[in-house]
Amino acid sequence: MRARSTYYLVLLLTVAHLVQACAPQGASPPAVPSTDTLHGVVRDENGPVPAAVVRVQTTDIATRTDAQGRFTLGGLAPGASVSLTAWAPGYYIGGGEEVRPGEEVTLTLEALAAADNPAYAWLSAFTQADQEGNCERCHAATEASEGPLPFDEWQRDPHSRSAQNPRFLTMYSGTDVQGRQSPLTRYGNQQDYGRFPMPPDLSRPYYGPGYKLDFPASAGNCAACHLPAAAVRAPYGTDPRAVEGVGAEGVTCDFCHKVWDVRLSPQGLPYGNMPGVLSLAFRRPPEGHQFFAGPLDDVAPGEDTYVPLYTQSQYCAACHFGDFWNVRIYNSFGEWLESPYSDPESGRTCQDCHMPPGKNDHFVRFDKGGRRRNPESIFSHDMTVTPDLLRQAVRLDVATVWADGRLTVIVTVTNRGAGHHVPTDSPLRQMLLLVQATDANGNLLPLTEGPVLPEWAGEGDPSQGYYAGLPGRLYAKTLQEIWTEVTPSGAYWNPSRILEDTRIPALASDRSIYVFAPAEGAVSVKVSLLYRRAFPTLIAQKGWEVPIIILAERTLRVSGE
Ligand code: HEC
Ligand code: HEC
Ligand code: HEC
Ligand code: HEC
Ligand code: HEC
């Protein structure tokens, strides 16, 4: 942002030689200061600013101003210059010039623009010939040894591809990945209810559900979270397929860094009918200015500011919570809020787990004004849920008991690492537990007591991912469409009910017990915990490529003696 510093009203810095210039004539020149302390005042155009944070830039050496706006910073290296910044709520970060211990410093803060500017045009994250402010110019590494910087991480992050995600687009348009569209939804008429949707006619080619099959005449609210930069002006009127330019960058940098506030109910949740942009407030700069909000209070000079919200889970709430027809569909935020992780003392935020710090010691190229900082103050922008993260979420414990020639297997699945239910958010997700016992001849032992996987774990060949009827458990929030009774349903834009919710809340466990038919000799027990992004009928209809991920596996040999 140095490049735009012509716009910036920076700081007024009164250093000691100015003070000296006013000192009485004839006073002997002061000795080289040996003090390790700096004194000063933070003010705005009207007077002192109390409770401002004054910091030696990029360090933990910081203090707050007193009621008179004054501050003292000790413990500095005598004679060595440092860069000081100041920030208080309602102001841009100020300061950023070099001063030395012993000097009397005045830092002048400029108040933030009083209002949002809805006419502001978002900046693209990608370098554009006709724009200067594109994040890639400064926040991308030029060689691998320098990286990753935020732009590089964001490019790998699903947020940057939310507008192009083929699973989202095929669900929106009612097509498969090859673009073949299912027929429009048919309607029946009933005297008491009027018009109601009928289930799809599976005797004709069918490529799965789609918002546009049910609501061909409206755009829906999907863009409010999936293409928020485009939807900000028309939350219910943005067709994702028609969006171009910066709007098609999905959840893009400029959008996220102009978020100012999240509107929450007294219960601390977003309002159910206000998804994404409808629950967010922005601070977009007036013409000729630029502005970024973020987690740091020592970025200067420039019209940037620190907003504590960026370090809080509430920041993520607007898009990671959402009701459709009064049914809670997305809810990783609400689940987190209910969990021990929301405890402000002992808990963990979404950012703690999904944006872990420590991957780099700068976030701007050094030739573009980047500063070396403590890696613990720099947060990853790659929020991809990797197989490794999924595996950290769960623990699998297996115990076996032989009694009267029968094998009993006791399985406990614990959500040890997710700050919400597992699986969470999209109700398409499934976690599956499979429990198999095989005798010495390699034959599967029949289950005599215990749970089996329901039909919506997929009816068909287990080697193809269809597990219905096998011993085990399904962990999912399974929806059923109210009119058509399609189950499981991913068409939550239609009225639905939660048929069952067997997911495991944060830090909770699920225990299940399996008794197998008697067997001779040693038995081999194999317990697998699997995850997939969607239920199998939908994967097949849409032609999605979503591999099954093995989260944990245990194989035990048990014998009767
Ligand atoms: C989904 C919203 C979101 C997107 C998209 C996003 N950011 Fe951030 N960014 C955040 C949050 C939240 C933090 C603070 C994390 C914390 O403090 O725990 C942050 C922190 C930062 C910081 C402070 C230093 C650091 O890395 O922690 C910079 C700089 C930054 N983002 C730049 C960018 C750039 C550049 C892009 C695009 C290439 C981008 N952000 C995309 C939400 C976002
Ligand atoms: C409240 C914000 C919000 C709204 C509104 C919303 N979504 Fe989502 N959607 C999300 C979030 C957040 C995720 C990611 C959750 C996850 O990974 O579990 C997601 C994930 C999805 C996925 C899964 C993508 C994948 O790669 O597996 C599909 C499909 C989807 N949404 C479709 C839609 C459609 C269609 C609409 C409109 C009818 C819609 N969404 C409306 C927030 C929203
Ligand atoms: C001309 C170079 C340049 C461009 C272009 C640029 N930035 Fe920055 N940005 C900087 C510098 C320099 C810093 C401060 C670096 C430091 O102090 O370590 C910074 C800091 C930030 C911060 C931290 C603010 C805080 O208080 O936490 C955010 C957020 C940010 N930039 C976002 C963006 C986004 C989003 C874009 C693209 C829309 C962008 N920047 C484009 C140079 C740039
Ligand atoms: C403006 C809306 C918005 C905001 C704000 C937002 N997200 Fe998301 N997030 C989404 C959407 C949409 C998706 C689904 C993207 C896709 O898969 O196509 C998503 C996906 C995710 C995923 C799943 C990634 C994966 O690999 O499937 C995680 C984790 C996530 N977000 C975490 C966060 C965190 C943490 C924050 C707050 C720092 C946050 N999000 C803020 C909209 C948002
Ligand atoms: C204690 C660490 C932790 C915290 C806190 C946490 N998460 Fe997660 N999150 C995980 C783990 C581990 C996974 C992978 C397991 C899963 O999918 O549930 C995950 C998965 C996700 C997914 C992908 C779900 C899917 O299967 O597609 C989303 C979206 C998400 N988290 C959003 C959030 C949001 C939003 C918050 C804050 C409200 C948050 N997380 C807080 C650890 C955490």
# chains A, B, ... in the order shown; residues from 1 in each chain; ligands from 1
call {"tool": "residues_around", "arguments": {"residues": "Ser173 in chain A", "least_positions_apart": "2", "cutoff": "6 Å", "atoms": "only C-alpha atoms", "output": "PyMOL selection string"}}
result
chain A and resi 170-171+175+210+212
call {"tool": "write_last_selection", "arguments": {"atoms": "N, CA, C and O atoms", "output": "short mmCIF file (atom, residue, chain, number, x, y, z; two decimals), in the first residue's frame"}}
result
data_model
loop_
_atom_site.label_atom_id
_atom_site.label_comp_id
_atom_site.auth_asym_id
_atom_site.auth_seq_id
_atom_site.Cartn_x
_atom_site.Cartn_y
_atom_site.Cartn_z
N THR A 170 -23.22 -27.63 -10.65
CA THR A 170 -24.12 -28.67 -11.14
C THR A 170 -25.35 -28.80 -10.24
O THR A 170 -26.43 -29.14 -10.72
N MET A 171 -25.19 -28.51 -8.95
CA MET A 171 -26.36 -28.52 -8.07
C MET A 171 -27.24 -27.31 -8.34
O MET A 171 -28.46 -27.36 -8.21
N THR A 175 -27.63 -30.02 -13.58
CA THR A 175 -26.93 -30.75 -14.64
C THR A 175 -25.96 -31.75 -14.01
O THR A 175 -25.74 -31.74 -12.80
N GLY A 210 -31.49 -29.83 -8.98
CA GLY A 210 -30.90 -28.53 -9.28
C GLY A 210 -31.85 -27.43 -8.85
O GLY A 210 -33.07 -27.56 -9.01
N LYS A 212 -32.32 -24.70 -10.28
CA LYS A 212 -33.00 -24.16 -11.46
C LYS A 212 -34.10 -25.08 -11.98
O LYS A 212 -34.95 -24.64 -12.76
#
call {"tool": "residues_around", "arguments": {"residues": "range 177-186 of chain A", "least_positions_apart": "4", "cutoff": "6 Å", "atoms": "only C-alpha atoms", "output": "PyMOL selection string"}}
result
chain A and resi 197-198+206-207+213-214+542-543
call {"tool": "residues_near_ligand", "arguments": {"ligand": "ligand 5", "cutoff": "8 Å", "atoms": "only C-alpha atoms and all ligand atoms", "output": "JSON, numbers by chain"}}
result
{"A": [313, 314, 316, 317, 319, 320, 332, 333, 334, 335, 336, 337, 341, 342, 347, 348, 349, 350, 351, 352, 353, 354, 385, 386, 389, 390, 391, 392, 393, 394, 417, 418, 419, 420, 421, 422, 423, 424, 425, 426, 429, 533]}
call {"tool": "residues_near_ligand", "arguments": {"ligand": "ligand 1", "cutoff": "6 Å", "atoms": "only C-alpha atoms and all ligand atoms", "output": "list of chain:residue names"}}
result
A:Ala125, A:Cys135, A:His139, A:Pro150, A:Phe151, A:Trp154, A:Val251, A:Thr252, A:Cys253, A:Cys256, A:Gly294, A:Pro295, A:Tyr310, A:Thr311, A:Gln351, A:Phe363, A:Ile378, A:Phe379
call {"tool": "residues_near_ligand", "arguments": {"ligand": "ligand 2", "cutoff": "9 Å", "atoms": "only C-alpha atoms and all ligand atoms", "output": "VMD selection string"}}
result
chain A and resid 158 to 159 162 165 to 173 210 to 212 219 to 226 272 to 277 316 to 324 329 to 332 385 423 to 429 490 to 494 533 to 534 546
call {"tool": "residues_near_ligand", "arguments": {"ligand": "ligand 3", "cutoff": "6 Å", "atoms": "only C-alpha atoms and all ligand atoms", "output": "list in words"}}
result
Met1, Arg2, Ala3, Leu123, Ala125, Gly133, Asn134, Cys135, Arg137, Cys138, Cys253, Asp254, His257, Phe292, Ala293, Gly294, Pro295, Leu296, Asp297, Val299, Asp304, Thr305, Tyr306, Val364, Lys368, Gly369, Gly370 and Arg371 of chain A
call {"tool": "write_last_selection", "arguments": {"atoms": "N, CA and C atoms", "output": "CSV table (one decimal), in the first residue's frame"}}
result
chain,number,residue,atom,x,y,z
A,1,MET,N,0.8,-1.2,0.0
A,1,MET,CA,0.0,0.0,0.0
A,1,MET,C,0.8,1.2,0.0
A,2,ARG,N,2.2,1.0,0.1
A,2,ARG,CA,3.0,2.2,0.0
A,2,ARG,C,2.8,2.9,-1.3
A,3,ALA,N,2.6,2.1,-2.4
A,3,ALA,CA,2.4,2.6,-3.7
A,3,ALA,C,1.3,3.7,-3.8
A,123,LEU,N,-11.7,-4.7,-6.0
A,123,LEU,CA,-10.4,-4.9,-6.8
A,123,LEU,C,-10.2,-6.4,-7.0
A,125,ALA,N,-8.1,-9.8,-7.2
A,125,ALA,CA,-6.9,-10.3,-6.6
A,125,ALA,C,-5.8,-10.5,-7.6
A,133,GLY,N,-4.0,-1.9,-7.5
A,133,GLY,CA,-4.1,-2.4,-6.2
A,133,GLY,C,-4.3,-3.9,-6.1
A,134,ASN,N,-4.1,-4.7,-7.2
A,134,ASN,CA,-4.3,-6.1,-7.2
A,134,ASN,C,-3.4,-6.8,-6.2
A,135,CYS,N,-4.0,-7.6,-5.3
A,135,CYS,CA,-3.2,-8.2,-4.2
A,135,CYS,C,-2.0,-9.0,-4.8
A,137,ARG,N,0.1,-8.4,-6.9
A,137,ARG,CA,1.3,-7.6,-7.2
A,137,ARG,C,2.2,-7.6,-6.0
A,138,CYS,N,1.7,-7.7,-4.8
A,138,CYS,CA,2.5,-7.5,-3.6
A,138,CYS,C,2.4,-8.7,-2.6
A,253,CYS,N,-10.2,-11.7,-1.9
A,253,CYS,CA,-9.5,-11.0,-0.9
A,253,CYS,C,-10.1,-9.7,-0.5
A,254,ASP,N,-10.4,-8.9,-1.6
A,254,ASP,CA,-10.8,-7.5,-1.3
A,254,ASP,C,-12.2,-7.6,-0.5
A,257,HIS,N,-11.5,-8.5,3.1
A,257,HIS,CA,-10.8,-7.5,3.9
A,257,HIS,C,-11.5,-6.1,3.9
A,292,PHE,N,-7.8,-1.4,3.9
A,292,PHE,CA,-8.0,-2.8,4.2
A,292,PHE,C,-8.1,-2.9,5.7
A,293,ALA,N,-9.0,-3.8,6.1
A,293,ALA,CA,-9.2,-4.1,7.5
A,293,ALA,C,-8.5,-5.5,7.7
A,294,GLY,N,-7.9,-5.7,8.9
A,294,GLY,CA,-7.2,-6.9,9.1
A,294,GLY,C,-6.9,-7.1,10.6
A,295,PRO,N,-6.1,-8.2,10.9
A,295,PRO,CA,-5.8,-8.5,12.3
A,295,PRO,C,-4.7,-7.8,12.9
A,296,LEU,N,-4.0,-7.0,12.2
A,296,LEU,CA,-2.7,-6.3,12.7
A,296,LEU,C,-3.0,-4.9,13.0
A,297,ASP,N,-2.4,-4.4,14.1
A,297,ASP,CA,-2.6,-3.0,14.5
A,297,ASP,C,-1.3,-2.2,14.2
A,299,VAL,N,0.4,-2.0,10.9
A,299,VAL,CA,0.6,-1.9,9.4
A,299,VAL,C,0.6,-0.5,9.0
A,304,ASP,N,-5.1,1.7,6.5
A,304,ASP,CA,-5.5,0.3,6.9
A,304,ASP,C,-5.9,0.4,8.4
A,305,THR,N,-6.7,-0.6,8.8
A,305,THR,CA,-6.9,-0.6,10.2
A,305,THR,C,-7.1,-2.0,10.8
A,306,TYR,N,-6.9,-2.1,12.1
A,306,TYR,CA,-7.1,-3.3,12.8
A,306,TYR,C,-8.6,-3.4,13.2
A,364,VAL,N,4.1,-9.8,2.6
A,364,VAL,CA,4.2,-9.0,1.4
A,364,VAL,C,5.7,-9.2,1.0
A,368,LYS,N,8.2,-4.9,-2.0
A,368,LYS,CA,6.9,-4.2,-2.1
A,368,LYS,C,6.5,-3.6,-0.7
A,369,GLY,N,7.5,-3.6,0.2
A,369,GLY,CA,7.2,-3.0,1.5
A,369,GLY,C,6.9,-4.0,2.6
A,370,GLY,N,7.1,-5.3,2.3
A,370,GLY,CA,6.9,-6.3,3.3
A,370,GLY,C,8.0,-6.2,4.4
A,371,ARG,N,7.6,-6.6,5.6
A,371,ARG,CA,8.4,-6.5,6.8
A,371,ARG,C,8.6,-7.9,7.4
call {"tool": "atom_distance", "arguments": {"atom1": "CA of Val523 in chain A", "atom2": "CA of Val558 in chain A"}}
result
5.2 Å
call {"tool": "select_by_dssp", "arguments": {"residues": "range 504-553 of chain A", "states": "strand (DSSP E or B)", "output": "PyMOL selection string"}}
result
chain A and resi 504+509-516+523-532+549-553
call {"tool": "residues_around", "arguments": {"residues": "Val409 in chain A", "least_positions_apart": "2", "cutoff": "8 Å", "atoms": "only C-alpha atoms", "output": "VMD selection string"}}
result
chain A and resid 398 to 401 407 411 513 to 515
call {"tool": "write_last_selection", "arguments": {"atoms": "N, CA, C and O atoms", "output": "PDB file, in the first residue's frame"}}
result
ATOM      1  N   VAL A 398     -11.078 -49.664  19.200  1.00  0.00           N
ATOM      2  CA  VAL A 398     -11.752 -50.940  18.980  1.00  0.00           C
ATOM      3  C   VAL A 398     -11.400 -51.894  20.111  1.00  0.00           C
ATOM      4  O   VAL A 398     -10.220 -52.046  20.454  1.00  0.00           O
ATOM      5  N   ALA A 399     -12.410 -52.519  20.703  1.00  0.00           N
ATOM      6  CA  ALA A 399     -12.179 -53.558  21.717  1.00  0.00           C
ATOM      7  C   ALA A 399     -12.956 -54.805  21.307  1.00  0.00           C
ATOM      8  O   ALA A 399     -14.002 -54.699  20.657  1.00  0.00           O
ATOM      9  N   THR A 400     -12.431 -55.978  21.658  1.00  0.00           N
ATOM     10  CA  THR A 400     -13.129 -57.222  21.300  1.00  0.00           C
ATOM     11  C   THR A 400     -13.308 -58.092  22.534  1.00  0.00           C
ATOM     12  O   THR A 400     -12.496 -58.053  23.474  1.00  0.00           O
ATOM     13  N   VAL A 401     -14.375 -58.850  22.549  1.00  0.00           N
ATOM     14  CA  VAL A 401     -14.668 -59.772  23.659  1.00  0.00           C
ATOM     15  C   VAL A 401     -15.137 -61.101  23.045  1.00  0.00           C
ATOM     16  O   VAL A 401     -15.989 -61.092  22.158  1.00  0.00           O
ATOM     17  N   LEU A 407     -17.986 -63.568  18.993  1.00  0.00           N
ATOM     18  CA  LEU A 407     -17.134 -62.383  19.038  1.00  0.00           C
ATOM     19  C   LEU A 407     -18.013 -61.124  19.130  1.00  0.00           C
ATOM     20  O   LEU A 407     -18.948 -60.954  18.353  1.00  0.00           O
ATOM     21  N   VAL A 411     -16.885 -50.536  19.266  1.00  0.00           N
ATOM     22  CA  VAL A 411     -16.159 -49.493  18.531  1.00  0.00           C
ATOM     23  C   VAL A 411     -16.560 -48.124  19.075  1.00  0.00           C
ATOM     24  O   VAL A 411     -17.746 -47.840  19.254  1.00  0.00           O
ATOM     25  N   ILE A 513     -21.893 -51.454  19.148  1.00  0.00           N
ATOM     26  CA  ILE A 513     -21.512 -52.820  19.552  1.00  0.00           C
ATOM     27  C   ILE A 513     -22.026 -53.809  18.514  1.00  0.00           C
ATOM     28  O   ILE A 513     -23.184 -53.725  18.089  1.00  0.00           O
ATOM     29  N   TYR A 514     -21.162 -54.716  18.102  1.00  0.00           N
ATOM     30  CA  TYR A 514     -21.471 -55.673  17.034  1.00  0.00           C
ATOM     31  C   TYR A 514     -21.212 -57.077  17.555  1.00  0.00           C
ATOM     32  O   TYR A 514     -20.112 -57.374  18.041  1.00  0.00           O
ATOM     33  N   VAL A 515     -22.206 -57.949  17.459  1.00  0.00           N
ATOM     34  CA  VAL A 515     -22.032 -59.351  17.857  1.00  0.00           C
ATOM     35  C   VAL A 515     -22.117 -60.191  16.590  1.00  0.00           C
ATOM     36  O   VAL A 515     -23.072 -60.048  15.799  1.00  0.00           O
TER      37      VAL A 515
END
call {"tool": "atom_distance", "arguments": {"atom1": "CA of Pro344 in chain A", "atom2": "CA of Thr63 in chain A"}}
result
22.7 Å
call {"tool": "residues_around", "arguments": {"residues": "range 470-474 of chain A", "least_positions_apart": "5", "cutoff": "8 Å", "atoms": "only C-alpha atoms", "output": "ChimeraX atom specification"}}
result
/A:430-436,447,450-454,457,502,512,514
call {"tool": "write_last_selection", "arguments": {"atoms": "N, CA, C and O atoms", "output": "PDB file, in the first residue's frame"}}
result
ATOM      1  N   GLN A 430     -20.784 -37.405   4.305  1.00  0.00           N
ATOM      2  CA  GLN A 430     -21.017 -38.649   5.043  1.00  0.00           C
ATOM      3  C   GLN A 430     -19.712 -39.138   5.658  1.00  0.00           C
ATOM      4  O   GLN A 430     -18.678 -39.147   4.996  1.00  0.00           O
ATOM      5  N   MET A 431     -19.797 -39.586   6.929  1.00  0.00           N
ATOM      6  CA  MET A 431     -18.698 -40.350   7.524  1.00  0.00           C
ATOM      7  C   MET A 431     -19.269 -41.738   7.811  1.00  0.00           C
ATOM      8  O   MET A 431     -20.401 -41.840   8.313  1.00  0.00           O
ATOM      9  N   LEU A 432     -18.522 -42.778   7.460  1.00  0.00           N
ATOM     10  CA  LEU A 432     -19.050 -44.138   7.585  1.00  0.00           C
ATOM     11  C   LEU A 432     -18.107 -45.019   8.373  1.00  0.00           C
ATOM     12  O   LEU A 432     -16.891 -44.976   8.177  1.00  0.00           O
ATOM     13  N   LEU A 433     -18.687 -45.824   9.230  1.00  0.00           N
ATOM     14  CA  LEU A 433     -17.930 -46.816   9.988  1.00  0.00           C
ATOM     15  C   LEU A 433     -18.304 -48.191   9.448  1.00  0.00           C
ATOM     16  O   LEU A 433     -19.498 -48.505   9.338  1.00  0.00           O
ATOM     17  N   LEU A 434     -17.304 -48.988   9.088  1.00  0.00           N
ATOM     18  CA  LEU A 434     -17.549 -50.346   8.595  1.00  0.00           C
ATOM     19  C   LEU A 434     -16.863 -51.330   9.527  1.00  0.00           C
ATOM     20  O   LEU A 434     -15.683 -51.156   9.852  1.00  0.00           O
ATOM     21  N   VAL A 435     -17.583 -52.349   9.943  1.00  0.00           N
ATOM     22  CA  VAL A 435     -17.025 -53.350  10.858  1.00  0.00           C
ATOM     23  C   VAL A 435     -17.191 -54.725  10.216  1.00  0.00           C
ATOM     24  O   VAL A 435     -18.317 -55.148   9.938  1.00  0.00           O
ATOM     25  N   GLN A 436     -16.073 -55.395   9.956  1.00  0.00           N
ATOM     26  CA  GLN A 436     -16.104 -56.700   9.291  1.00  0.00           C
ATOM     27  C   GLN A 436     -15.383 -57.716  10.139  1.00  0.00           C
ATOM     28  O   GLN A 436     -14.314 -57.439  10.666  1.00  0.00           O
ATOM     29  N   LEU A 447     -23.601 -60.836  11.009  1.00  0.00           N
ATOM     30  CA  LEU A 447     -23.868 -60.057  12.227  1.00  0.00           C
ATOM     31  C   LEU A 447     -25.141 -60.598  12.863  1.00  0.00           C
ATOM     32  O   LEU A 447     -26.138 -60.797  12.172  1.00  0.00           O
ATOM     33  N   GLY A 450     -26.578 -55.763  16.408  1.00  0.00           N
ATOM     34  CA  GLY A 450     -25.811 -54.538  16.191  1.00  0.00           C
ATOM     35  C   GLY A 450     -26.301 -53.795  14.959  1.00  0.00           C
ATOM     36  O   GLY A 450     -27.081 -54.318  14.161  1.00  0.00           O
ATOM     37  N   PRO A 451     -25.840 -52.561  14.803  1.00  0.00           N
ATOM     38  CA  PRO A 451     -26.349 -51.702  13.736  1.00  0.00           C
ATOM     39  C   PRO A 451     -25.781 -52.051  12.357  1.00  0.00           C
ATOM     40  O   PRO A 451     -24.670 -52.559  12.253  1.00  0.00           O
ATOM     41  N   VAL A 452     -26.578 -51.766  11.342  1.00  0.00           N
ATOM     42  CA  VAL A 452     -26.098 -51.855   9.960  1.00  0.00           C
ATOM     43  C   VAL A 452     -26.307 -50.493   9.291  1.00  0.00           C
ATOM     44  O   VAL A 452     -27.109 -49.675   9.749  1.00  0.00           O
ATOM     45  N   LEU A 453     -25.594 -50.287   8.209  1.00  0.00           N
ATOM     46  CA  LEU A 453     -25.676 -48.992   7.520  1.00  0.00           C
ATOM     47  C   LEU A 453     -27.018 -48.854   6.807  1.00  0.00           C
ATOM     48  O   LEU A 453     -27.505 -49.812   6.201  1.00  0.00           O
ATOM     49  N   PRO A 454     -27.639 -47.667   6.875  1.00  0.00           N
ATOM     50  CA  PRO A 454     -28.965 -47.455   6.279  1.00  0.00           C
ATOM     51  C   PRO A 454     -28.891 -47.393   4.754  1.00  0.00           C
ATOM     52  O   PRO A 454     -27.809 -47.291   4.181  1.00  0.00           O
ATOM     53  N   ALA A 457     -26.670 -45.022   2.777  1.00  0.00           N
ATOM     54  CA  ALA A 457     -25.223 -45.205   2.623  1.00  0.00           C
ATOM     55  C   ALA A 457     -24.933 -45.789   1.244  1.00  0.00           C
ATOM     56  O   ALA A 457     -23.772 -45.976   0.877  1.00  0.00           O
ATOM     57  N   THR A 502     -26.958 -38.008  12.886  1.00  0.00           N
ATOM     58  CA  THR A 502     -26.145 -38.936  13.674  1.00  0.00           C
ATOM     59  C   THR A 502     -24.701 -38.464  13.764  1.00  0.00           C
ATOM     60  O   THR A 502     -23.813 -39.236  14.111  1.00  0.00           O
ATOM     61  N   SER A 512     -20.625 -48.095  19.400  1.00  0.00           N
ATOM     62  CA  SER A 512     -21.551 -49.071  18.823  1.00  0.00           C
ATOM     63  C   SER A 512     -20.985 -50.473  19.044  1.00  0.00           C
ATOM     64  O   SER A 512     -19.767 -50.655  19.151  1.00  0.00           O
ATOM     65  N   TYR A 514     -21.162 -54.716  18.102  1.00  0.00           N
ATOM     66  CA  TYR A 514     -21.471 -55.673  17.034  1.00  0.00           C
ATOM     67  C   TYR A 514     -21.212 -57.077  17.555  1.00  0.00           C
ATOM     68  O   TYR A 514     -20.112 -57.374  18.041  1.00  0.00           O
TER      69      TYR A 514
END
call {"tool": "select_by_dssp", "arguments": {"residues": "range 500-550 of chain A", "states": "helix (DSSP H, G or I)", "output": "NGL selection string"}}
result
:A and (536-542)
call {"tool": "closest_residue", "arguments": {"among": "A:Met383, A:Ala552, A:Ala508, A:Val99", "to": "ligand 4", "atoms": "only C-alpha atoms and all ligand atoms"}}
result
A:Met383
call {"tool": "atom_distance", "arguments": {"atom1": "CA of Gly94 in chain A", "atom2": "CA of His39 in chain A"}}
result
16.4 Å
call {"tool": "closest_residue", "arguments": {"among": "A:Gln312, A:Ser489, A:Thr537, A:Gln68", "to": "ligand 4", "atoms": "only C-alpha atoms and all ligand atoms"}}
result
A:Gln312
call {"tool": "residues_around", "arguments": {"residues": "Gly69 in chain A", "least_positions_apart": "6", "cutoff": "9 Å", "atoms": "only C-alpha atoms", "output": "list of chain:residue names"}}
result
A:Gly40, A:Val41, A:Val42, A:Arg43, A:Gly47, A:Pro48, A:Val49, A:Pro50, A:Ala51, A:Ala52
call {"tool": "residues_around", "arguments": {"residues": "range 109-117 of chain A", "least_positions_apart": "3", "cutoff": "6 Å", "atoms": "only C-alpha atoms", "output": "number ranges by chain"}}
result
A: 44, 90-92, 94, 120, 283-286
call {"tool": "closest_residue", "arguments": {"among": "A:Glu132, A:Glu520, A:Glu249, A:Asp361", "to": "ligand 4", "atoms": "only C-alpha atoms and all ligand atoms"}}
result
A:Glu249
